[in-house]
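Novice: Following this line is upload-v6.tsv, made up of TSV, C-alpha atoms and all ligand atoms:
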```tsv
chain	number	residue	atom	x	y	z
A	1	MET	CA	-40.90	-6.38	7.87
A	2	ILE	CA	-38.22	-3.68	7.59
A	3	THR	CA	-36.23	-3.44	4.37
A	4	ILE	CA	-32.71	-1.95	4.38
A	5	GLY	CA	-30.89	-2.56	1.10
A	6	LYS	CA	-31.23	-6.31	0.58
A	7	LEU	CA	-31.81	-6.89	4.28
A	8	LYS	CA	-35.26	-7.97	5.41
A	9	LEU	CA	-35.54	-7.52	9.17
A	10	LYS	CA	-38.32	-9.07	11.26
A	11	ASN	CA	-38.42	-5.94	13.44
A	12	PRO	CA	-36.54	-2.63	13.63
A	13	VAL	CA	-34.41	-3.41	16.68
A	14	MET	CA	-30.72	-4.27	16.28
A	15	VAL	CA	-28.00	-4.49	18.89
A	16	ALA	CA	-25.21	-1.94	18.41
A	17	SER	CA	-21.65	-2.94	17.57
A	18	GLY	CA	-19.31	-3.44	20.52
A	19	THR	CA	-22.06	-3.67	23.13
A	20	PHE	CA	-23.25	-7.23	22.52
A	21	GLY	CA	-20.01	-9.14	21.93
A	22	TYR	CA	-20.59	-11.83	19.33
A	23	ALA	CA	-24.09	-12.59	20.72
A	24	ARG	CA	-23.24	-15.86	22.50
A	25	GLU	CA	-22.41	-13.84	25.65
A	26	PHE	CA	-26.10	-12.82	25.79
A	27	GLU	CA	-27.80	-16.16	25.04
A	28	ASP	CA	-28.88	-16.66	28.67
A	29	PHE	CA	-30.59	-13.28	28.84
A	30	LEU	CA	-32.88	-13.13	25.80
A	31	ASP	CA	-34.13	-15.10	22.84
A	32	LEU	CA	-31.51	-14.02	20.29
A	33	LYS	CA	-33.58	-14.93	17.24
A	34	LYS	CA	-36.17	-12.30	18.24
A	35	LEU	CA	-33.68	-9.51	17.48
A	36	GLY	CA	-34.13	-7.62	14.21
A	37	ALA	CA	-30.39	-7.98	13.60
A	38	ILE	CA	-27.13	-8.47	15.41
A	39	VAL	CA	-24.32	-6.05	14.62
A	40	THR	CA	-21.08	-7.66	15.75
A	41	LYS	CA	-18.12	-6.02	17.49
A	42	THR	CA	-15.98	-4.23	14.90
A	43	ILE	CA	-13.34	-6.47	13.35
A	44	THR	CA	-10.12	-5.54	11.58
A	45	LEU	CA	-7.80	-7.45	9.24
A	46	LYS	CA	-5.31	-8.31	11.98
A	47	PRO	CA	-6.05	-8.93	15.67
A	48	ARG	CA	-5.88	-5.81	17.88
A	49	GLN	CA	-5.26	-5.69	21.62
A	50	GLY	CA	-7.06	-2.39	22.08
A	51	ASN	CA	-6.04	0.42	24.42
A	52	PRO	CA	-4.47	0.04	27.89
A	53	MET	CA	-6.76	-0.24	30.97
A	54	PRO	CA	-8.70	1.41	32.50
A	55	ARG	CA	-10.79	1.89	29.37
A	56	ILE	CA	-14.34	2.20	30.67
A	57	CYS	CA	-15.83	4.53	33.25
A	58	GLU	CA	-19.30	5.57	34.27
A	59	THR	CA	-20.46	9.16	33.83
A	60	ALA	CA	-23.63	11.01	34.75
A	61	SER	CA	-26.30	9.25	32.66
A	62	GLY	CA	-23.84	7.41	30.48
A	63	MET	CA	-20.47	5.78	30.06
A	64	LEU	CA	-17.14	6.65	28.54
A	65	ASN	CA	-15.18	3.96	26.72
A	66	ALA	CA	-11.85	3.75	24.98
A	67	ILE	CA	-11.71	0.06	24.10
A	68	GLY	CA	-9.72	0.81	20.93
A	69	LEU	CA	-11.25	-1.86	18.67
A	70	GLN	CA	-9.92	-4.90	20.53
A	71	ASN	CA	-10.75	-7.91	18.36
A	72	GLU	CA	-9.37	-11.19	17.10
A	73	GLY	CA	-9.04	-10.28	13.44
A	74	ILE	CA	-11.18	-11.36	10.52
A	75	GLU	CA	-9.99	-14.95	10.05
A	76	ASN	CA	-10.54	-15.86	13.71
A	77	PHE	CA	-13.93	-14.14	13.57
A	78	ILE	CA	-14.98	-16.19	10.54
A	79	ASN	CA	-13.73	-19.47	11.98
A	80	GLU	CA	-14.72	-19.07	15.62
A	81	LYS	CA	-17.62	-16.63	15.90
A	82	LEU	CA	-19.54	-16.69	12.63
A	83	PRO	CA	-20.72	-20.35	12.81
A	84	TYR	CA	-22.59	-19.59	16.06
A	85	LEU	CA	-24.06	-16.34	14.70
A	86	ALA	CA	-25.19	-18.13	11.52
A	87	LYS	CA	-27.35	-20.57	13.50
A	88	ILE	CA	-29.27	-17.97	15.53
A	89	GLY	CA	-31.94	-17.29	12.91
A	90	THR	CA	-31.69	-13.52	12.63
A	91	SER	CA	-29.80	-11.16	10.34
A	92	VAL	CA	-26.06	-10.87	10.95
A	93	ILE	CA	-24.39	-7.54	10.20
A	94	VAL	CA	-20.61	-7.55	10.53
A	95	SER	CA	-18.93	-4.30	11.55
A	96	ILE	CA	-15.53	-3.68	10.00
A	97	SER	CA	-12.80	-1.06	10.29
A	98	GLY	CA	-9.54	-0.45	8.47
A	99	ASN	CA	-6.72	2.06	8.34
A	100	ASN	CA	-7.52	2.98	4.75
A	101	ALA	CA	-9.89	2.25	1.84
A	102	GLU	CA	-7.83	-0.73	0.73
A	103	GLU	CA	-8.13	-2.43	4.13
A	104	PHE	CA	-11.89	-1.81	4.23
A	105	SER	CA	-12.14	-3.26	0.72
A	106	ARG	CA	-10.13	-6.39	1.64
A	107	LEU	CA	-12.34	-7.00	4.66
A	108	ALA	CA	-15.52	-6.60	2.58
A	109	LYS	CA	-14.20	-8.91	-0.15
A	110	ARG	CA	-13.47	-11.60	2.44
A	111	LEU	CA	-16.91	-11.28	4.04
A	112	ASP	CA	-18.60	-11.28	0.64
A	113	LYS	CA	-17.74	-15.00	0.39
A	114	GLU	CA	-19.59	-15.82	3.61
A	115	LYS	CA	-23.26	-16.73	3.06
A	116	SER	CA	-24.21	-16.16	6.68
A	117	VAL	CA	-23.16	-12.49	6.57
A	118	ASP	CA	-26.26	-10.49	5.64
A	119	GLY	CA	-24.78	-7.01	5.75
A	120	ILE	CA	-21.64	-5.03	6.49
A	121	GLU	CA	-21.47	-1.96	8.72
A	122	LEU	CA	-18.53	0.31	8.03
A	123	ASN	CA	-17.19	1.71	11.27
A	124	ILE	CA	-15.54	4.82	9.90
A	125	SER	CA	-16.23	6.60	13.16
A	126	CYS	CA	-14.44	4.93	16.09
A	127	PRO	CA	-12.98	7.78	18.20
A	128	ASN	CA	-10.54	5.54	20.07
A	129	ILE	CA	-7.87	4.58	17.58
A	130	GLN	CA	-4.55	6.23	16.96
A	131	ALA	CA	-5.27	7.65	13.54
A	132	LYS	CA	-4.66	11.13	12.16
A	133	GLY	CA	-8.38	11.80	11.95
A	134	LEU	CA	-11.56	9.86	11.51
A	135	VAL	CA	-12.62	8.84	8.02
A	136	ALA	CA	-16.10	9.99	9.05
A	137	GLN	CA	-14.76	13.51	9.65
A	138	CYS	CA	-13.69	13.91	6.05
A	139	PRO	CA	-16.16	13.90	3.11
A	140	ASP	CA	-13.57	12.74	0.54
A	141	ALA	CA	-12.24	9.92	2.74
A	142	THR	CA	-15.81	8.78	3.46
A	143	TYR	CA	-16.56	8.68	-0.27
A	144	GLU	CA	-13.33	6.81	-1.01
A	145	VAL	CA	-13.89	4.11	1.63
A	146	VAL	CA	-17.54	3.48	0.72
A	147	GLU	CA	-16.77	3.44	-3.00
A	148	ALA	CA	-14.00	0.85	-2.46
A	149	VAL	CA	-16.29	-1.35	-0.36
A	150	ARG	CA	-19.13	-1.03	-2.88
A	151	LYS	CA	-16.80	-2.43	-5.55
A	152	ALA	CA	-15.85	-5.32	-3.24
A	153	THR	CA	-19.30	-6.61	-2.27
A	154	ASP	CA	-22.94	-6.87	-3.31
A	155	LYS	CA	-24.02	-7.27	0.28
A	156	THR	CA	-25.92	-4.49	2.04
A	157	ILE	CA	-23.59	-1.72	3.19
A	158	ILE	CA	-24.41	0.45	6.19
A	159	THR	CA	-22.04	3.34	6.89
A	160	LYS	CA	-21.77	4.29	10.56
A	161	LEU	CA	-21.32	8.01	11.08
A	162	SER	CA	-19.55	10.01	13.76
A	163	PRO	CA	-21.33	12.77	15.67
A	164	ASN	CA	-17.95	14.49	16.11
A	165	VAL	CA	-18.44	16.61	12.99
A	166	THR	CA	-19.94	19.96	12.09
A	167	ASP	CA	-21.95	18.81	9.07
A	168	ILE	CA	-23.23	15.27	9.53
A	169	VAL	CA	-25.70	15.62	6.64
A	170	GLY	CA	-22.83	16.33	4.25
A	171	ILE	CA	-20.99	13.17	5.34
A	172	ALA	CA	-24.19	11.09	5.08
A	173	LYS	CA	-24.70	12.33	1.52
A	174	CYS	CA	-21.12	11.37	0.58
A	175	ALA	CA	-21.66	7.84	1.93
A	176	CYS	CA	-24.92	7.45	-0.01
A	177	ASN	CA	-23.51	8.89	-3.23
A	178	ALA	CA	-20.63	6.41	-3.04
A	179	GLY	CA	-23.06	3.48	-2.86
A	180	SER	CA	-23.93	2.92	0.79
A	181	ASP	CA	-27.38	1.32	1.15
A	182	ALA	CA	-28.02	3.03	4.48
A	183	VAL	CA	-26.36	5.06	7.20
A	184	SER	CA	-26.33	4.40	10.92
A	185	LEU	CA	-25.76	7.11	13.51
A	186	VAL	CA	-24.44	7.99	15.96
A	187	ASN	CA	-21.19	6.50	17.15
A	188	THR	CA	-19.95	7.89	20.48
A	189	PHE	CA	-19.15	11.53	21.30
A	190	LEU	CA	-15.56	12.29	22.22
A	191	GLY	CA	-15.29	13.09	25.93
A	192	MET	CA	-13.10	12.84	29.04
A	193	VAL	CA	-13.36	12.46	32.80
A	194	ILE	CA	-10.76	13.53	35.42
A	195	ASP	CA	-10.37	11.88	38.83
A	196	ILE	CA	-9.89	14.83	41.21
A	197	ASN	CA	-8.10	12.65	43.80
A	198	THR	CA	-5.37	11.41	41.47
A	199	GLU	CA	-5.66	14.56	39.32
A	200	LYS	CA	-5.42	12.26	36.29
A	201	PRO	CA	-7.87	11.30	33.57
A	202	LYS	CA	-9.92	8.23	34.51
A	203	LEU	CA	-9.18	6.54	31.18
A	204	ALA	CA	-5.63	5.48	30.33
A	205	ASN	CA	-6.33	6.73	26.80
A	206	VAL	CA	-7.26	10.15	28.34
A	207	THR	CA	-10.26	10.60	26.03
A	208	GLY	CA	-13.02	8.17	25.18
A	209	GLY	CA	-16.41	7.84	23.51
A	210	LEU	CA	-19.48	8.96	25.44
A	211	SER	CA	-22.68	6.90	25.12
A	212	GLY	CA	-25.94	6.32	26.95
A	213	PRO	CA	-28.96	8.46	27.88
A	214	CYS	CA	-26.89	11.67	28.13
A	215	ILE	CA	-26.34	11.70	24.35
A	216	LYS	CA	-29.90	10.89	23.30
A	217	PRO	CA	-31.24	14.38	22.55
A	218	ILE	CA	-28.20	15.23	20.40
A	219	ALA	CA	-28.28	11.87	18.63
A	220	LEU	CA	-31.99	12.27	17.96
A	221	ARG	CA	-31.45	15.72	16.46
A	222	MET	CA	-28.73	14.36	14.17
A	223	VAL	CA	-30.87	11.42	13.04
A	224	TRP	CA	-33.74	13.80	12.28
A	225	GLU	CA	-31.45	16.11	10.26
A	226	VAL	CA	-29.96	13.24	8.25
A	227	ALA	CA	-33.29	11.46	7.67
A	228	LYS	CA	-34.94	14.49	6.12
A	229	ASN	CA	-32.01	15.15	3.80
A	230	ILE	CA	-31.17	11.74	2.32
A	231	ASP	CA	-33.34	9.20	0.52
A	232	LYS	CA	-31.69	6.06	1.94
A	233	PRO	CA	-32.70	4.35	5.20
A	234	VAL	CA	-31.34	5.79	8.44
A	235	ILE	CA	-30.63	3.58	11.44
A	236	GLY	CA	-30.77	5.63	14.63
A	237	MET	CA	-28.99	5.09	17.92
A	238	GLY	CA	-27.64	6.92	20.94
A	239	GLY	CA	-29.01	6.46	24.44
A	240	ILE	CA	-31.96	4.20	23.67
A	241	MET	CA	-32.93	2.64	27.03
A	242	SER	CA	-36.61	1.86	26.46
A	243	ALA	CA	-39.26	1.30	23.77
A	244	GLU	CA	-40.31	4.94	24.20
A	245	ASP	CA	-36.76	6.11	23.40
A	246	ALA	CA	-36.68	3.88	20.32
A	247	ILE	CA	-40.06	5.19	19.15
A	248	GLU	CA	-38.70	8.76	19.36
A	249	PHE	CA	-35.97	7.76	16.87
A	250	LEU	CA	-38.55	6.16	14.56
A	251	LEU	CA	-40.63	9.34	14.73
A	252	ALA	CA	-37.51	11.38	13.91
A	253	GLY	CA	-37.25	9.45	10.63
A	254	ALA	CA	-35.18	6.35	11.45
A	255	LYS	CA	-36.27	3.14	9.76
A	256	ALA	CA	-34.61	1.01	12.42
A	257	VAL	CA	-32.69	1.51	15.66
A	258	GLN	CA	-29.68	0.08	17.44
A	259	VAL	CA	-29.42	-0.42	21.18
A	260	GLY	CA	-25.97	-0.13	22.78
A	261	THR	CA	-25.19	0.94	26.35
A	262	ALA	CA	-28.60	-0.31	27.59
A	263	ASN	CA	-27.36	-3.89	27.03
A	264	PHE	CA	-24.80	-3.37	29.84
A	265	VAL	CA	-27.49	-2.13	32.23
A	266	GLU	CA	-30.11	-4.78	31.41
A	267	PRO	CA	-28.86	-7.53	29.08
A	268	GLY	CA	-32.38	-8.64	28.09
A	269	ILE	CA	-33.62	-5.09	27.34
A	270	CYS	CA	-34.00	-5.58	23.57
A	271	GLU	CA	-36.86	-8.05	23.96
A	272	LYS	CA	-38.77	-5.45	25.99
A	273	ILE	CA	-38.02	-2.75	23.40
A	274	ILE	CA	-39.24	-5.01	20.57
A	275	LYS	CA	-42.49	-5.76	22.45
A	276	GLY	CA	-43.03	-2.09	23.27
A	277	ILE	CA	-42.58	-0.97	19.65
A	278	ASP	CA	-44.91	-3.73	18.46
A	279	LYS	CA	-47.60	-2.62	20.92
A	280	TRP	CA	-47.22	1.01	19.81
A	281	THR	CA	-47.40	0.07	16.10
A	282	LYS	CA	-50.58	-1.98	16.63
A	283	LYS	CA	-52.21	0.78	18.68
A	284	LYS	CA	-51.52	3.28	15.89
A	285	SER	CA	-52.93	1.16	13.04
B	1	LIG	C1	-18.14	-0.36	25.33
B	1	LIG	C2	-18.51	0.11	23.96
B	1	LIG	C3	-17.86	-0.44	22.86
B	1	LIG	C4	-18.20	-0.02	21.57
B	1	LIG	N1	-17.56	-0.59	20.48
B	1	LIG	C5	-17.95	-0.25	19.24
B	1	LIG	C6	-17.40	-0.91	18.11
B	1	LIG	O1	-16.57	-1.83	18.22
B	1	LIG	N2	-17.79	-0.50	16.87
B	1	LIG	C7	-18.73	0.49	16.70
B	1	LIG	O2	-19.07	0.80	15.55
B	1	LIG	N3	-19.29	1.12	17.76
B	1	LIG	C8	-18.92	0.77	19.01
B	1	LIG	N4	-19.52	1.37	20.08
B	1	LIG	C9	-20.52	2.44	19.85
B	1	LIG	C10	-21.96	1.88	19.91
B	1	LIG	O3	-22.17	0.90	18.92
B	1	LIG	C11	-22.99	3.03	19.74
B	1	LIG	O4	-22.78	3.64	18.49
B	1	LIG	C12	-22.88	4.09	20.81
B	1	LIG	O5	-22.56	3.52	22.07
B	1	LIG	C13	-24.16	4.92	20.96
B	1	LIG	O6	-25.27	4.14	21.31
B	1	LIG	P1	-25.73	3.88	22.85
B	1	LIG	O7	-25.84	5.22	23.51
B	1	LIG	O8	-27.05	3.15	22.74
B	1	LIG	O9	-24.69	3.05	23.48
B	1	LIG	C14	-19.20	0.98	21.38
B	1	LIG	C15	-19.86	1.52	22.50
B	1	LIG	C16	-19.53	1.09	23.77
B	1	LIG	C17	-20.27	1.68	24.94
```
How does this structure look as C-alpha cells?
Specialist:
Amino acid sequence: MITIGKLKLKNPVMVASGTFGYAREFEDFLDLKKLGAIVTKTITLKPRQGNPMPRICETASGMLNAIGLQNEGIENFINEKLPYLAKIGTSVIVSISGNNAEEFSRLAKRLDKEKSVDGIELNISCPNIQAKGLVAQCPDATYEVVEAVRKATDKTIITKLSPNVTDIVGIAKCACNAGSDAVSLVNTFLGMVIDINTEKPKLANVTGGLSGPCIKPIALRMVWEVAKNIDKPVIGMGGIMSAEDAIEFLLAGAKAVQVGTANFVEPGICEKIIKGIDKWTKKKS
C-alpha cells in the first residue's frame, strides 16, 4: 500500500495525465482496476479546442506534442467521464489547469464536491498554452496557486512540476510550503523539430513538449534532487517504458511513478510494469 496524502494506492503505478484519455479508451488493453491510480487528461473551466494540427510528431527515442490542453471543460467531464472512472475500482486523480489562482481554486472547489475524485493534480507546467510564462517557472505564482487550491479542498493535492526551470527544488519547496501533499515531476521538456524538406517546423505550434525515453536520465536526476530535499512524497515520471525504468525512479527516491508515452507504444504496458515492480519488491524482501 502506498500512501500519498489521503490517497491509499494499491501499487505505485499511475498513468500520466494526457496519455490515457479518460481510461475508457484503454479498457480493451488492460485490467484498469489493477492500476495504482488514473490521472485524467487535464481539464479547464471552459472547453478548449487545443492547438492547430499537426500537434504530435515522433523524435529519436521520444515524441513531441503540442496538444494545448484540448478538453471538454469541467462540467462535461463531471457529467460524462467521471461516472465511468468512478466505477473502475482504483483511485481517480483529476488533473486541472487554469489561467490564474482563482481559476485553479474554482476548479478545485467544484471537484471537492465529487466523492469519486480521490485527488487533484495541479498542472502548472503545460508548455503548450499561450500564457506569458508557466506558473511552475515562478516560485511566487506556484505558491499562490497551491495556496488557493489548498483553501478550496481537503482532497489530496499533487503539484506537477515543469523541468523547464533552473531550480526545480526551489519550486517543489514552494508547492509543499503552500500546502501541496506531494509533487509529481516531470512534465515535458520544451523542444522543436524542423522538416528539412518544407523548411518549416513539424508542429503547427512550432514548439512542443518532449517526452519518452530520451528524457529519462534528466527526469531521473530531477526526481532524485527533489526527493532528497523535500519531506513530502515525490511521484516520478519521464520516459518510463519498463518495470526496470520505474524501479530506477523508486530508487532515486520516488514513492510512486507515472507512465505516459509508453501507453502510446504499448497500451497494456502498465500491467507489465506493475508485475515487474511486484516481483522486484518480493525478491528484495
Ligand atoms: C500527448 C501528450 C499529452 C499530454 N497531456 C498532458 C496533460 O494534459 N496534462 C499534463 O499534466 N501532462 C500532459 N502530458 C505530459 C505527461 O503527463 C508526462 O508528464 C510527460 O509525457 C513525461 O512522461 P513520459 O515520458 O512517460 O511520457 C502529455 C504528454 C503527452 C505525450
Novice: I'd like the contact shell of Ile96 of chain A - 8 Å cut-off, all atoms listed in the file, skipping same-chain residues fewer than 5 positions apart - returned as number ranges by chain.
Specialist: A: 42-44, 104, 107-108, 120-123
Novice: Let me have all residues with an atom within 6 Å of ligand LIG 1 (chain B), counting all atoms listed in the file, laid out as an MDAnalysis selection string.
Specialist: chainID A and resid 16:19 41:42 65 69 123 186:188 211:212 237:240 259:261
Novice: Counting all atoms listed in the file, which residue out of A:Gly50, A:Gly133, A:Gly170, A:Gly179 sits closest to Gly5 of chain A?
Specialist: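 When distances to Gly5 of chain A are compared using all atoms listed in the file, the smallest one comes from A:Gly179.
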Novice: Within 7 Å of (-19.8, 1.7, -0.1) (file coordinates; all atoms listed in the file), which protein or nucleic acid residues are there? I'd like them as JSON, numbers by chain.
Specialist: {"A": [145, 146, 147, 148, 149, 150, 157, 175, 178, 179, 180]}
Novice: Given the point (-14.0, 12.1, 10.8) in the file's coordinates, find the residues that have an atom at most 7 Å from it, counting only C-alpha atoms, and give them as a ChimeraX atom specification.
Specialist: /A:125,133-138,162,165
Novice: Once you have the residues from the selection above, write them out as a PDB file, keeping the file's coordinate frame, restricted to C-alpha atoms.
Specialist:
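Saved file out.pdb follows:
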```
ATOM      1  CA  SER A 125     -16.230   6.600  13.160  1.00  0.00           C
ATOM      2  CA  GLY A 133      -8.380  11.800  11.950  1.00  0.00           C
ATOM      3  CA  LEU A 134     -11.560   9.860  11.510  1.00  0.00           C
ATOM      4  CA  VAL A 135     -12.620   8.840   8.020  1.00  0.00           C
ATOM      5  CA  ALA A 136     -16.100   9.990   9.050  1.00  0.00           C
ATOM      6  CA  GLN A 137     -14.760  13.510   9.650  1.00  0.00           C
ATOM      7  CA  CYS A 138     -13.690  13.910   6.050  1.00  0.00           C
ATOM      8  CA  SER A 162     -19.550  10.010  13.760  1.00  0.00           C
ATOM      9  CA  VAL A 165     -18.440  16.610  12.990  1.00  0.00           C
TER      10      VAL A 165
END
```
Novice: Which one of A:Lys33, A:Lys160, A:Lys109, A:Arg55 sits closest to Tyr84 of chain A if you count only C-alpha atoms?
Specialist: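 Comparing A:Lys33, A:Lys160, A:Lys109, A:Arg55 against Tyr84 of chain A, the winner is A:Lys33.
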Novice: Just checking: using all atoms listed in the file, which residue out of A:Ala23, A:Val94, A:Cys270, A:Val13 ends up closest to Gly236 of chain A?
Specialist: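 Of all the options, A:Val13 lies closest to Gly236 of chain A.
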Novice: Find the residue from A:Met53, A:Asp140, A:Pro12, A:Lys202 that sits nearest to Ala243 of chain A; use all atoms listed in the file when measuring.
Specialist: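 Ranking A:Met53, A:Asp140, A:Pro12, A:Lys202 by distance to Ala243 of chain A, first place goes to A:Pro12.
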Novice: Need the shell around segment 6-11 of chain A: protein/DNA/RNA residues with any atom at most 9 Å away, counting all atoms listed in the file. Skip same-chain ones fewer than 5 positions apart. Format as a PyMOL selection string?
Specialist: chain A and resi 1+34-37+90-91+118-119+155-156+181+256+274+277-278
Novice: What would the file look like if the residues just selected were written as a PDB file, keeping the file's coordinate frame with C-alpha atoms?
Specialist:
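What follows is the written file again_28.pdb:
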```
ATOM      1  CA  MET A   1     -40.900  -6.380   7.870  1.00  0.00           C
ATOM      2  CA  LYS A  34     -36.170 -12.300  18.240  1.00  0.00           C
ATOM      3  CA  LEU A  35     -33.680  -9.510  17.480  1.00  0.00           C
ATOM      4  CA  GLY A  36     -34.130  -7.620  14.210  1.00  0.00           C
ATOM      5  CA  ALA A  37     -30.390  -7.980  13.600  1.00  0.00           C
ATOM      6  CA  THR A  90     -31.690 -13.520  12.630  1.00  0.00           C
ATOM      7  CA  SER A  91     -29.800 -11.160  10.340  1.00  0.00           C
ATOM      8  CA  ASP A 118     -26.260 -10.490   5.640  1.00  0.00           C
ATOM      9  CA  GLY A 119     -24.780  -7.010   5.750  1.00  0.00           C
ATOM     10  CA  LYS A 155     -24.020  -7.270   0.280  1.00  0.00           C
ATOM     11  CA  THR A 156     -25.920  -4.490   2.040  1.00  0.00           C
ATOM     12  CA  ASP A 181     -27.380   1.320   1.150  1.00  0.00           C
ATOM     13  CA  ALA A 256     -34.610   1.010  12.420  1.00  0.00           C
ATOM     14  CA  ILE A 274     -39.240  -5.010  20.570  1.00  0.00           C
ATOM     15  CA  ILE A 277     -42.580  -0.970  19.650  1.00  0.00           C
ATOM     16  CA  ASP A 278     -44.910  -3.730  18.460  1.00  0.00           C
TER      17      ASP A 278
END
```
Novice: Find the distance between atom CA of Lys272 of chain A and atom CA of Met241 of chain A and write it in Å to one decimal.
Specialist: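 Here the two named atoms are 10.0 Å from each other.
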Novice: From the list A:Val193, A:Asp245, A:Asn51, A:Leu203, which residue is nearest Pro217 of chain A when using all atoms listed in the file?
Specialist: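 Of all the options, A:Asp245 lies closest to Pro217 of chain A.
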Novice: Closest to Glu271 of chain A among A:Ser61, A:Thr166, A:Asn100, A:Ser242, using all atoms listed in the file?
Specialist: A:Ser242
Novice: Residues near Val169 of chain A, anyone? I mean within 9 Å using only C-alpha atoms, not counting same-chain ones fewer than 5 positions away, as a PyMOL selection string.
Specialist: chain A and resi 174+222+225-227+229-230
Novice: Quick one, how far is atom CA of Asp112 of chain A from atom CA of Glu80 of chain A?
Specialist: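 Atom CA of Glu80 of chain A lies at a distance of 17.3 Å from atom CA of Asp112 of chain A.
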Novice: To one decimal place, how far is atom CA of Ile56 of chain A from atom CA of Pro127 of chain A in Å?
Specialist: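 Between these atoms lies a distance of 13.7 Å.
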